[in-house]
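Quick notes on the structure that follows.
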Amino acid sequence: MNLEDFRGKRILIIGDVMVDEYKKGIVERISPEAPVPVVSIEETFHRIGGAGNVANNIKALGGIPILVGVIGYDYYGDLILELMEEEGLDKTGIIREKGRKTTVKTRIVAHNQQVVRVDIEDAYEIKKDTENKILDHVFSFKDRIDGIVFEDYDKGCLTSNLISKTISKFKDKTITVDPKFRNFFSFQGISLFKPNLREMEKVLGKELNNEKSILDAGFSLQKNINSPVLVTMGSKGMALFYSGKHKLFPSMAREVYDVSGAGDTVIATATLALTAGFPIEEAVYVSNIAAGIEVGKFGVATVTLEELKKEYDNKKGRH
């Protein structure tokens, strides 16, 4: 097991691509129109979000990401392609669909605190023609990748047909999933399924507010989808369920500055670790370390292989 083996692993990331827009400023007064702060914007910047952030995490960790997703014919669609070019990401898997809005999450930040988020999106399923274009592109990589990440934000890119055909075609590869609600039970017999606690609660329709309820839900889900399950629980850490066993991983965050994007870091790191031959418990342990680094950074951030190696080496012999 060596983190250096992350280098050169080719990972397909299929899912909802979006723009993360940040508008940072200061608050000096309350609006006379309503009891809300007036934020004077001093800086605006953009990053590729959603599946794009997973791709950036794969790249930062030494892997080779191949991003596949859908955008519109609009300003933000153009912006995603520009950002991908700047990041050195392959754009050939990005399909444009007429009439569709590119998903944008705009975060208004004042004094390093998020004040409000504004979303622009079309969340209906992609058209059949778009789905076929994605499948053709994905299948062209049959013998040229090491793993696949499905990154689902319920924005319509991932359809049940696309999911089932891709899993069937690549069943000999590492396949991991960061799920949302619409396709939650569409993933069967994969390498790792990573919901967060809130998603589990919403899908199951009940609160998971103690260890017994979390363990019962985790084992039930693992059996239902015939796959290892990793539940991320924020400050409570993570819970892994596989082969009828479970293991709890306490949070490794020294300081929580911003939790945005932590799940993307977890799924990217775990996927690379699994493709590099790490046993599943060690793969999750490494991804937990990466999440602890990521939440200490502002906004949706990435973790480099060098940062991860340093922290991993520091903790050797202590777990």
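If you're wondering about the labels, chains in the structure tokens are A, B, ... by order shown, residues count from 1 in each chain, ligands from 1 in order shown.
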
| request: Give the helix (DSSP H, G or I) residues of range 127-313 of chain A, as assigned by DSSP on the backbone, as a ChimeraX atom specification. | output: /A:128-139,160-169,197-204,211-225,234-236,262-275,280-294,305-313

Closest atom pairs, residues of range 212-277 of chain A within 8 Å of range 162-178 of chain A, only C-alpha atoms, as JSON lines:
```
{"residue": "A:Gly263", "atom": "CA", "partner": "A:Asp178", "partner_atom": "CA", "distance": 7.9}
{"residue": "A:Ile267", "atom": "CA", "partner": "A:Asp178", "partner_atom": "CA", "distance": 6.8}
{"residue": "A:Thr271", "atom": "CA", "partner": "A:Thr176", "partner_atom": "CA", "distance": 6.5}
{"residue": "A:Leu274", "atom": "CA", "partner": "A:Thr174", "partner_atom": "CA", "distance": 6.9}
{"residue": "A:Thr275", "atom": "CA", "partner": "A:Thr174", "partner_atom": "CA", "distance": 6.2}
```

| task | For each of A:Ala262, A:Tyr124, A:Glu42, A:Lys309, take the minimum atom-to-atom distance to Gly296 in chain A, counting only C-alpha atoms, then give the residue where this is smallest. | result |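 The shortest atom-to-atom distance to Gly296 in chain A comes from A:Ala262.
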
| request: Please run DSSP on the backbone and report, as number ranges by chain, all residues within range 47-295 of chain A that come out as strand (DSSP E). | output: A: 47-50, 64-71, 94-96, 103-110, 113-120, 147-151, 174-178, 192-193, 229-232, 238-242, 245-249

| task | Could you check how far CA of Glu311 in chain A sits from CA of Met238 in chain A, in Å to one decimal? | result |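 Atom-to-atom, CA of Glu311 in chain A and CA of Met238 in chain A are spaced 18.2 Å apart.
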
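Summary of the local environment: counting only C-alpha atoms, residues at most 12 Å from Ser220 in chain A, other than itself and those fewer than 6 positions away along its chain, are Met200, Leu204, Ser213, Ile214, Asn226, Ser227, Pro228, Val229, Phe241, Tyr242, Ser243, Gly244, Lys245 and His246 of chain A.
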
With a cut-off of 12 Å, could you pull out the residues of range 141-205 of chain A touching range 64-87 of chain A and give me the nearest pair of atoms for each, distance in Å to one decimal, using only C-alpha atoms, ordered by chain and ascending number, as JSON lines?
```
{"residue": "A:Phe141", "atom": "CA", "partner": "A:Ile66", "partner_atom": "CA", "distance": 9.5}
{"residue": "A:Arg144", "atom": "CA", "partner": "A:Ile66", "partner_atom": "CA", "distance": 10.7}
{"residue": "A:Ile145", "atom": "CA", "partner": "A:Ile66", "partner_atom": "CA", "distance": 9.0}
{"residue": "A:Asp146", "atom": "CA", "partner": "A:Ile64", "partner_atom": "CA", "distance": 9.8}
{"residue": "A:Gly147", "atom": "CA", "partner": "A:Pro65", "partner_atom": "CA", "distance": 9.9}
{"residue": "A:Ile148", "atom": "CA", "partner": "A:Ile66", "partner_atom": "CA", "distance": 9.3}
{"residue": "A:Val149", "atom": "CA", "partner": "A:Leu67", "partner_atom": "CA", "distance": 9.6}
{"residue": "A:Phe150", "atom": "CA", "partner": "A:Val68", "partner_atom": "CA", "distance": 9.8}
{"residue": "A:Glu151", "atom": "CA", "partner": "A:Gly69", "partner_atom": "CA", "distance": 9.7}
{"residue": "A:Asp152", "atom": "CA", "partner": "A:Gly69", "partner_atom": "CA", "distance": 10.6}
{"residue": "A:Tyr153", "atom": "CA", "partner": "A:Gly69", "partner_atom": "CA", "distance": 11.7}
{"residue": "A:Lys155", "atom": "CA", "partner": "A:Val70", "partner_atom": "CA", "distance": 9.6}
{"residue": "A:Gly156", "atom": "CA", "partner": "A:Val70", "partner_atom": "CA", "distance": 8.9}
{"residue": "A:Cys157", "atom": "CA", "partner": "A:Val70", "partner_atom": "CA", "distance": 6.4}
{"residue": "A:Leu158", "atom": "CA", "partner": "A:Gly69", "partner_atom": "CA", "distance": 8.8}
{"residue": "A:Thr159", "atom": "CA", "partner": "A:Gly69", "partner_atom": "CA", "distance": 11.9}
{"residue": "A:Leu162", "atom": "CA", "partner": "A:Gly69", "partner_atom": "CA", "distance": 11.9}
```

Only C-alpha atoms, please: the residues just picked out, written as a PDB file, in the first residue's frame.
```
ATOM      1  CA  PHE A 141     -13.029   4.157 -22.227  1.00  0.00           C
ATOM      2  CA  ARG A 144      -8.554   2.633 -20.571  1.00  0.00           C
ATOM      3  CA  ILE A 145      -9.657   3.432 -17.015  1.00  0.00           C
ATOM      4  CA  ASP A 146      -9.051   2.135 -13.488  1.00  0.00           C
ATOM      5  CA  GLY A 147     -12.258   3.295 -11.819  1.00  0.00           C
ATOM      6  CA  ILE A 148     -15.538   5.209 -12.004  1.00  0.00           C
ATOM      7  CA  VAL A 149     -17.152   7.728  -9.660  1.00  0.00           C
ATOM      8  CA  PHE A 150     -20.876   8.462  -9.978  1.00  0.00           C
ATOM      9  CA  GLU A 151     -21.403  11.953  -8.543  1.00  0.00           C
ATOM     10  CA  ASP A 152     -25.130  12.575  -8.142  1.00  0.00           C
ATOM     11  CA  TYR A 153     -26.668  15.894  -7.085  1.00  0.00           C
ATOM     12  CA  LYS A 155     -29.687  17.649 -11.299  1.00  0.00           C
ATOM     13  CA  GLY A 156     -30.711  15.136 -13.964  1.00  0.00           C
ATOM     14  CA  CYS A 157     -27.456  13.938 -15.521  1.00  0.00           C
ATOM     15  CA  LEU A 158     -27.623  10.468 -13.990  1.00  0.00           C
ATOM     16  CA  THR A 159     -30.591   8.422 -15.207  1.00  0.00           C
ATOM     17  CA  LEU A 162     -27.301   5.333 -17.731  1.00  0.00           C
TER      18      LEU A 162
END
```

| Surrounding residues of Val27 in chain A excluding itself and chain neighbours under 5 positions, 8 Å, only C-alpha atoms, as a list in words | Pro37, Val38, Val39, Ser40, Ala110 and His111 of chain A

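Taking CA of Ile134 in chain A and CA of Gly93 in chain A as endpoints, the distance between them is 7.2 Å.
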
| request: Find the residue from A:Gly218, A:Leu192, A:Ala55, A:Gly15 that sits nearest to Glu131 in chain A; use only C-alpha atoms when measuring. | output: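 Closest candidate: A:Gly15.
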
| query | Looking at A:Pro32, A:Gly52, A:Pro195, A:Gly277, which one is nearest to Thr103 in chain A, with distances taken over only C-alpha atoms? | reply |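 Among the listed residues, the smallest separation from Thr103 in chain A belongs to A:Gly52.
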
| Two-atom distance - CA of Gly189 in chain A, CA of Arg10 in chain A (Å) |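 The value is 21.1 Å.
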
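Checking A:Phe249, A:Thr269, A:Ser160, A:Ala301 one by one against Glu281 in chain A, counting only C-alpha atoms, you find the shortest gap at A:Phe249.
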
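Within the 8 Å cut-off around Glu294 in chain A, using only C-alpha atoms and omitting residues fewer than 3 positions from it on the same chain, the listed residues are Val259, Gly261, Ala262, Thr265, Ala290, Ala291, Lys297, Ala301, Thr302 and Val303 of chain A.
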
| message | Using only C-alpha atoms, which protein or nucleic acid residues come within 8 Å of Asn2 in chain A? Drop anything in the same chain fewer than 3 positions from it, and give the result as a list of chain:residue names. | response | A:Asp5, A:Phe6, A:Ala276

Expected file contents, prior selection, C-alpha atoms, as a PDB file, in the first residue's frame:
```
ATOM      1  CA  ASP A   5       0.283   4.444  -6.423  1.00  0.00           C
ATOM      2  CA  PHE A   6      -2.489   7.067  -6.764  1.00  0.00           C
ATOM      3  CA  ALA A 276      -4.389   1.466  -5.873  1.00  0.00           C
TER       4      ALA A 276
END
```

| query | Between A:Ser191, A:Asn224, A:Thr106, A:Thr232, which one has atoms that come closest to Val19 in chain A, using only C-alpha atoms? | reply |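 Once distances to Val19 in chain A are computed over only C-alpha atoms, the minimum belongs to A:Thr106.
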
Got a sec: who's within 7 Å of Ile289 in chain A, counting only C-alpha atoms, leaving out chain neighbours fewer than 4 positions off, as a tab-separated table (two decimals) with C-alpha atoms, in the first residue's frame?
```tsv
chain	number	residue	atom	x	y	z
A	252	MET	CA	-9.72	13.87	12.04
A	285	TYR	CA	-9.01	5.71	6.82
A	293	ILE	CA	-7.40	18.46	5.80
```
